Amino acid sequence: MALYPDFTLFIQMANFLILLFILNIFLYKPIRGIIEKRNKEINNLGSLIEKMKREVEEREKSIKEMLIQARKEGILQKESLKEEASNYEKELLKETYKKIEEKFIKAKEELEKKLETIRRELQKEVEILSIELAERILGRRLKV
């Protein structure tokens with residue numbers, strides 16, 4: 001007595017393959033597209049953050065150069081002037097340091113604001129994409 005597979009086995013296999021094909025078209029490809037889009041946006045925002053970090057480094061470098069230049073000026077004034085000029089030099093250096101520090105603080109605050117704005121925007125986009133993904137997977141609207 002030989003055991004031969006029933007013809008319904010082939011029908012079940014065909015049904016399974018058709019189901020896989022349909023799921024791939026309507027579920028898996030859109031989800032992969034959403035994930036790819038999200039990854040591109042995250043990469044773009046990451047490169048923007050890196051660009052801003054480089055700008056901060058350049059500004060810090062220019063501030064340091066300004067500080068070095070201010071010190072050089074202070075030394076030259078100190079050598080050329082006597083006691084009265086020495087007092088003037090100290091005041092000038094204090095003002096210069098204060099201005100440089102204020103500029104540095106402003107630049108740092110601006111960068112932090114920009115970074116925070118970008119983080120908030122990215123967080124909103126991630127939340128929206130997460131909800132969309134969950135809704136597509138579940139096939140129904142989610143209450144938020």
# chains A, B, ... in the order shown; residues from 1 in each chain; ligands from 1

$ residues_around --residues "range 114-131 of chain A" --least-positions-apart "2" --cutoff "10 Å" --atoms "only C-alpha atoms" --output "ChimeraX atom specification"
/A:34-35,37-38,41-42,45-46,48-49,52-53,108-112,133-137,141-144

$ residues_around --residues "range 64-69 of chain A" --least-positions-apart "5" --cutoff "10 Å" --atoms "only C-alpha atoms" --output "CSV table (one decimal) with C-alpha atoms, in the first residue's frame"
chain,number,residue,atom,x,y,z
A,58,GLU,CA,34.9,76.5,13.9
A,59,ARG,CA,33.3,79.2,16.0
A,74,GLY,CA,47.6,93.2,25.7
A,75,ILE,CA,51.3,92.2,25.8
A,93,LEU,CA,41.6,92.6,28.5
A,96,THR,CA,37.6,91.6,25.6
A,97,TYR,CA,37.3,88.4,27.6
A,100,ILE,CA,34.3,86.8,23.8
A,101,GLU,CA,32.6,84.9,26.5
A,104,PHE,CA,30.6,82.1,22.9

$ closest_residue --among "A:Glu132, A:Arg71, A:Leu81, A:Phe26" --to "Lys94 in chain A" --atoms "only C-alpha atoms"
A:Arg71

$ closest_residue --among "A:Leu19, A:Lys29, A:Lys103, A:Glu83" --to "Glu60 in chain A" --atoms "only C-alpha atoms"
A:Lys103

$ closest_residue --among "A:Ala70, A:Met13, A:Leu138, A:Ile105" --to "Lys90 in chain A" --atoms "only C-alpha atoms"
A:Ala70

$ decode --residues "range 102-138 of chain A" --atoms "N, CA, C and O atoms" --output "PDB file, in the first residue's frame"
ATOM      1  N   GLU A 102      30.640  86.314  26.036  1.00  0.00           N
ATOM      2  CA  GLU A 102      29.246  86.556  25.653  1.00  0.00           C
ATOM      3  C   GLU A 102      28.965  85.987  24.260  1.00  0.00           C
ATOM      4  O   GLU A 102      27.932  85.360  24.043  1.00  0.00           O
ATOM      5  N   LYS A 103      29.894  86.207  23.330  1.00  0.00           N
ATOM      6  CA  LYS A 103      29.726  85.670  21.980  1.00  0.00           C
ATOM      7  C   LYS A 103      29.699  84.143  22.012  1.00  0.00           C
ATOM      8  O   LYS A 103      28.898  83.512  21.330  1.00  0.00           O
ATOM      9  N   PHE A 104      30.567  83.576  22.785  1.00  0.00           N
ATOM     10  CA  PHE A 104      30.630  82.116  22.898  1.00  0.00           C
ATOM     11  C   PHE A 104      29.332  81.581  23.490  1.00  0.00           C
ATOM     12  O   PHE A 104      28.780  80.599  22.994  1.00  0.00           O
ATOM     13  N   ILE A 105      28.839  82.225  24.534  1.00  0.00           N
ATOM     14  CA  ILE A 105      27.588  81.786  25.170  1.00  0.00           C
ATOM     15  C   ILE A 105      26.426  81.915  24.193  1.00  0.00           C
ATOM     16  O   ILE A 105      25.589  81.016  24.089  1.00  0.00           O
ATOM     17  N   LYS A 106      26.374  83.021  23.441  1.00  0.00           N
ATOM     18  CA  LYS A 106      25.304  83.203  22.453  1.00  0.00           C
ATOM     19  C   LYS A 106      25.365  82.106  21.395  1.00  0.00           C
ATOM     20  O   LYS A 106      24.342  81.526  21.038  1.00  0.00           O
ATOM     21  N   ALA A 107      26.555  81.848  20.882  1.00  0.00           N
ATOM     22  CA  ALA A 107      26.710  80.823  19.849  1.00  0.00           C
ATOM     23  C   ALA A 107      26.298  79.458  20.386  1.00  0.00           C
ATOM     24  O   ALA A 107      25.613  78.689  19.700  1.00  0.00           O
ATOM     25  N   LYS A 108      26.685  79.165  21.595  1.00  0.00           N
ATOM     26  CA  LYS A 108      26.352  77.878  22.193  1.00  0.00           C
ATOM     27  C   LYS A 108      24.850  77.774  22.419  1.00  0.00           C
ATOM     28  O   LYS A 108      24.246  76.729  22.148  1.00  0.00           O
ATOM     29  N   GLU A 109      24.206  78.846  22.885  1.00  0.00           N
ATOM     30  CA  GLU A 109      22.762  78.837  23.106  1.00  0.00           C
ATOM     31  C   GLU A 109      22.013  78.663  21.794  1.00  0.00           C
ATOM     32  O   GLU A 109      21.032  77.917  21.731  1.00  0.00           O
ATOM     33  N   GLU A 110      22.479  79.339  20.743  1.00  0.00           N
ATOM     34  CA  GLU A 110      21.835  79.195  19.436  1.00  0.00           C
ATOM     35  C   GLU A 110      21.923  77.756  18.940  1.00  0.00           C
ATOM     36  O   GLU A 110      20.939  77.208  18.451  1.00  0.00           O
ATOM     37  N   LEU A 111      23.076  77.170  19.103  1.00  0.00           N
ATOM     38  CA  LEU A 111      23.251  75.795  18.669  1.00  0.00           C
ATOM     39  C   LEU A 111      22.364  74.857  19.473  1.00  0.00           C
ATOM     40  O   LEU A 111      21.734  73.957  18.918  1.00  0.00           O
ATOM     41  N   GLU A 112      22.308  75.057  20.771  1.00  0.00           N
ATOM     42  CA  GLU A 112      21.476  74.204  21.613  1.00  0.00           C
ATOM     43  C   GLU A 112      20.000  74.345  21.237  1.00  0.00           C
ATOM     44  O   GLU A 112      19.266  73.352  21.198  1.00  0.00           O
ATOM     45  N   LYS A 113      19.566  75.555  20.923  1.00  0.00           N
ATOM     46  CA  LYS A 113      18.176  75.760  20.492  1.00  0.00           C
ATOM     47  C   LYS A 113      17.909  75.024  19.187  1.00  0.00           C
ATOM     48  O   LYS A 113      16.875  74.373  19.035  1.00  0.00           O
ATOM     49  N   LYS A 114      18.854  75.156  18.246  1.00  0.00           N
ATOM     50  CA  LYS A 114      18.680  74.477  16.967  1.00  0.00           C
ATOM     51  C   LYS A 114      18.638  72.962  17.157  1.00  0.00           C
ATOM     52  O   LYS A 114      17.814  72.281  16.561  1.00  0.00           O
ATOM     53  N   LEU A 115      19.541  72.447  17.968  1.00  0.00           N
ATOM     54  CA  LEU A 115      19.582  71.009  18.209  1.00  0.00           C
ATOM     55  C   LEU A 115      18.296  70.537  18.882  1.00  0.00           C
ATOM     56  O   LEU A 115      17.759  69.476  18.542  1.00  0.00           O
ATOM     57  N   GLU A 116      17.791  71.301  19.835  1.00  0.00           N
ATOM     58  CA  GLU A 116      16.558  70.933  20.522  1.00  0.00           C
ATOM     59  C   GLU A 116      15.379  70.941  19.554  1.00  0.00           C
ATOM     60  O   GLU A 116      14.532  70.048  19.582  1.00  0.00           O
ATOM     61  N   THR A 117      15.338  71.932  18.686  1.00  0.00           N
ATOM     62  CA  THR A 117      14.266  71.995  17.684  1.00  0.00           C
ATOM     63  C   THR A 117      14.327  70.776  16.769  1.00  0.00           C
ATOM     64  O   THR A 117      13.299  70.147  16.490  1.00  0.00           O
ATOM     65  N   ILE A 118      15.503  70.440  16.343  1.00  0.00           N
ATOM     66  CA  ILE A 118      15.669  69.277  15.469  1.00  0.00           C
ATOM     67  C   ILE A 118      15.267  68.004  16.202  1.00  0.00           C
ATOM     68  O   ILE A 118      14.598  67.141  15.640  1.00  0.00           O
ATOM     69  N   ARG A 119      15.671  67.896  17.462  1.00  0.00           N
ATOM     70  CA  ARG A 119      15.307  66.695  18.245  1.00  0.00           C
ATOM     71  C   ARG A 119      13.793  66.584  18.379  1.00  0.00           C
ATOM     72  O   ARG A 119      13.229  65.496  18.256  1.00  0.00           O
ATOM     73  N   ARG A 120      13.118  67.721  18.677  1.00  0.00           N
ATOM     74  CA  ARG A 120      11.660  67.694  18.815  1.00  0.00           C
ATOM     75  C   ARG A 120      11.003  67.308  17.495  1.00  0.00           C
ATOM     76  O   ARG A 120      10.077  66.482  17.480  1.00  0.00           O
ATOM     77  N   GLU A 121      11.480  67.869  16.396  1.00  0.00           N
ATOM     78  CA  GLU A 121      10.906  67.537  15.092  1.00  0.00           C
ATOM     79  C   GLU A 121      11.112  66.060  14.779  1.00  0.00           C
ATOM     80  O   GLU A 121      10.200  65.394  14.302  1.00  0.00           O
ATOM     81  N   LEU A 122      12.289  65.575  15.060  1.00  0.00           N
ATOM     82  CA  LEU A 122      12.583  64.172  14.814  1.00  0.00           C
ATOM     83  C   LEU A 122      11.703  63.285  15.686  1.00  0.00           C
ATOM     84  O   LEU A 122      11.175  62.278  15.214  1.00  0.00           O
ATOM     85  N   GLN A 123      11.526  63.652  16.939  1.00  0.00           N
ATOM     86  CA  GLN A 123      10.687  62.870  17.842  1.00  0.00           C
ATOM     87  C   GLN A 123       9.247  62.832  17.334  1.00  0.00           C
ATOM     88  O   GLN A 123       8.603  61.784  17.348  1.00  0.00           O
ATOM     89  N   LYS A 124       8.731  63.974  16.872  1.00  0.00           N
ATOM     90  CA  LYS A 124       7.368  64.014  16.333  1.00  0.00           C
ATOM     91  C   LYS A 124       7.246  63.094  15.125  1.00  0.00           C
ATOM     92  O   LYS A 124       6.271  62.356  14.994  1.00  0.00           O
ATOM     93  N   GLU A 125       8.240  63.173  14.231  1.00  0.00           N
ATOM     94  CA  GLU A 125       8.199  62.347  13.035  1.00  0.00           C
ATOM     95  C   GLU A 125       8.284  60.864  13.390  1.00  0.00           C
ATOM     96  O   GLU A 125       7.593  60.044  12.796  1.00  0.00           O
ATOM     97  N   VAL A 126       9.102  60.526  14.359  1.00  0.00           N
ATOM     98  CA  VAL A 126       9.217  59.124  14.785  1.00  0.00           C
ATOM     99  C   VAL A 126       7.901  58.644  15.366  1.00  0.00           C
ATOM    100  O   VAL A 126       7.446  57.531  15.075  1.00  0.00           O
ATOM    101  N   GLU A 127       7.245  59.488  16.175  1.00  0.00           N
ATOM    102  CA  GLU A 127       5.955  59.104  16.757  1.00  0.00           C
ATOM    103  C   GLU A 127       4.912  58.901  15.669  1.00  0.00           C
ATOM    104  O   GLU A 127       4.166  57.923  15.682  1.00  0.00           O
ATOM    105  N   ILE A 128       4.867  59.818  14.706  1.00  0.00           N
ATOM    106  CA  ILE A 128       3.886  59.706  13.619  1.00  0.00           C
ATOM    107  C   ILE A 128       4.149  58.438  12.808  1.00  0.00           C
ATOM    108  O   ILE A 128       3.222  57.677  12.506  1.00  0.00           O
ATOM    109  N   LEU A 129       5.404  58.202  12.464  1.00  0.00           N
ATOM    110  CA  LEU A 129       5.733  57.009  11.682  1.00  0.00           C
ATOM    111  C   LEU A 129       5.444  55.732  12.475  1.00  0.00           C
ATOM    112  O   LEU A 129       4.991  54.738  11.901  1.00  0.00           O
ATOM    113  N   SER A 130       5.668  55.761  13.773  1.00  0.00           N
ATOM    114  CA  SER A 130       5.387  54.593  14.607  1.00  0.00           C
ATOM    115  C   SER A 130       3.897  54.295  14.628  1.00  0.00           C
ATOM    116  O   SER A 130       3.480  53.144  14.510  1.00  0.00           O
ATOM    117  N   ILE A 131       3.101  55.333  14.768  1.00  0.00           N
ATOM    118  CA  ILE A 131       1.641  55.143  14.783  1.00  0.00           C
ATOM    119  C   ILE A 131       1.184  54.629  13.423  1.00  0.00           C
ATOM    120  O   ILE A 131       0.379  53.696  13.343  1.00  0.00           O
ATOM    121  N   GLU A 132       1.701  55.231  12.330  1.00  0.00           N
ATOM    122  CA  GLU A 132       1.322  54.769  11.001  1.00  0.00           C
ATOM    123  C   GLU A 132       1.702  53.303  10.801  1.00  0.00           C
ATOM    124  O   GLU A 132       0.916  52.523  10.275  1.00  0.00           O
ATOM    125  N   LEU A 133       2.869  52.945  11.237  1.00  0.00           N
ATOM    126  CA  LEU A 133       3.329  51.579  11.090  1.00  0.00           C
ATOM    127  C   LEU A 133       2.446  50.630  11.884  1.00  0.00           C
ATOM    128  O   LEU A 133       2.021  49.589  11.372  1.00  0.00           O
ATOM    129  N   ALA A 134       2.141  50.996  13.116  1.00  0.00           N
ATOM    130  CA  ALA A 134       1.286  50.150  13.957  1.00  0.00           C
ATOM    131  C   ALA A 134      -0.108  50.037  13.345  1.00  0.00           C
ATOM    132  O   ALA A 134      -0.691  48.944  13.327  1.00  0.00           O
ATOM    133  N   GLU A 135      -0.640  51.121  12.814  1.00  0.00           N
ATOM    134  CA  GLU A 135      -1.963  51.081  12.202  1.00  0.00           C
ATOM    135  C   GLU A 135      -1.963  50.196  10.963  1.00  0.00           C
ATOM    136  O   GLU A 135      -2.902  49.437  10.729  1.00  0.00           O
ATOM    137  N   ARG A 136      -0.907  50.272  10.173  1.00  0.00           N
ATOM    138  CA  ARG A 136      -0.856  49.437   8.970  1.00  0.00           C
ATOM    139  C   ARG A 136      -0.701  47.962   9.324  1.00  0.00           C
ATOM    140  O   ARG A 136      -1.265  47.105   8.668  1.00  0.00           O
ATOM    141  N   ILE A 137       0.086  47.700  10.339  1.00  0.00           N
ATOM    142  CA  ILE A 137       0.273  46.306  10.747  1.00  0.00           C
ATOM    143  C   ILE A 137      -1.021  45.742  11.324  1.00  0.00           C
ATOM    144  O   ILE A 137      -1.430  44.639  10.984  1.00  0.00           O
ATOM    145  N   LEU A 138      -1.657  46.531  12.200  1.00  0.00           N
ATOM    146  CA  LEU A 138      -2.881  46.062  12.846  1.00  0.00           C
ATOM    147  C   LEU A 138      -4.091  46.174  11.931  1.00  0.00           C
ATOM    148  O   LEU A 138      -5.103  45.519  12.153  1.00  0.00           O
TER     149      LEU A 138
END
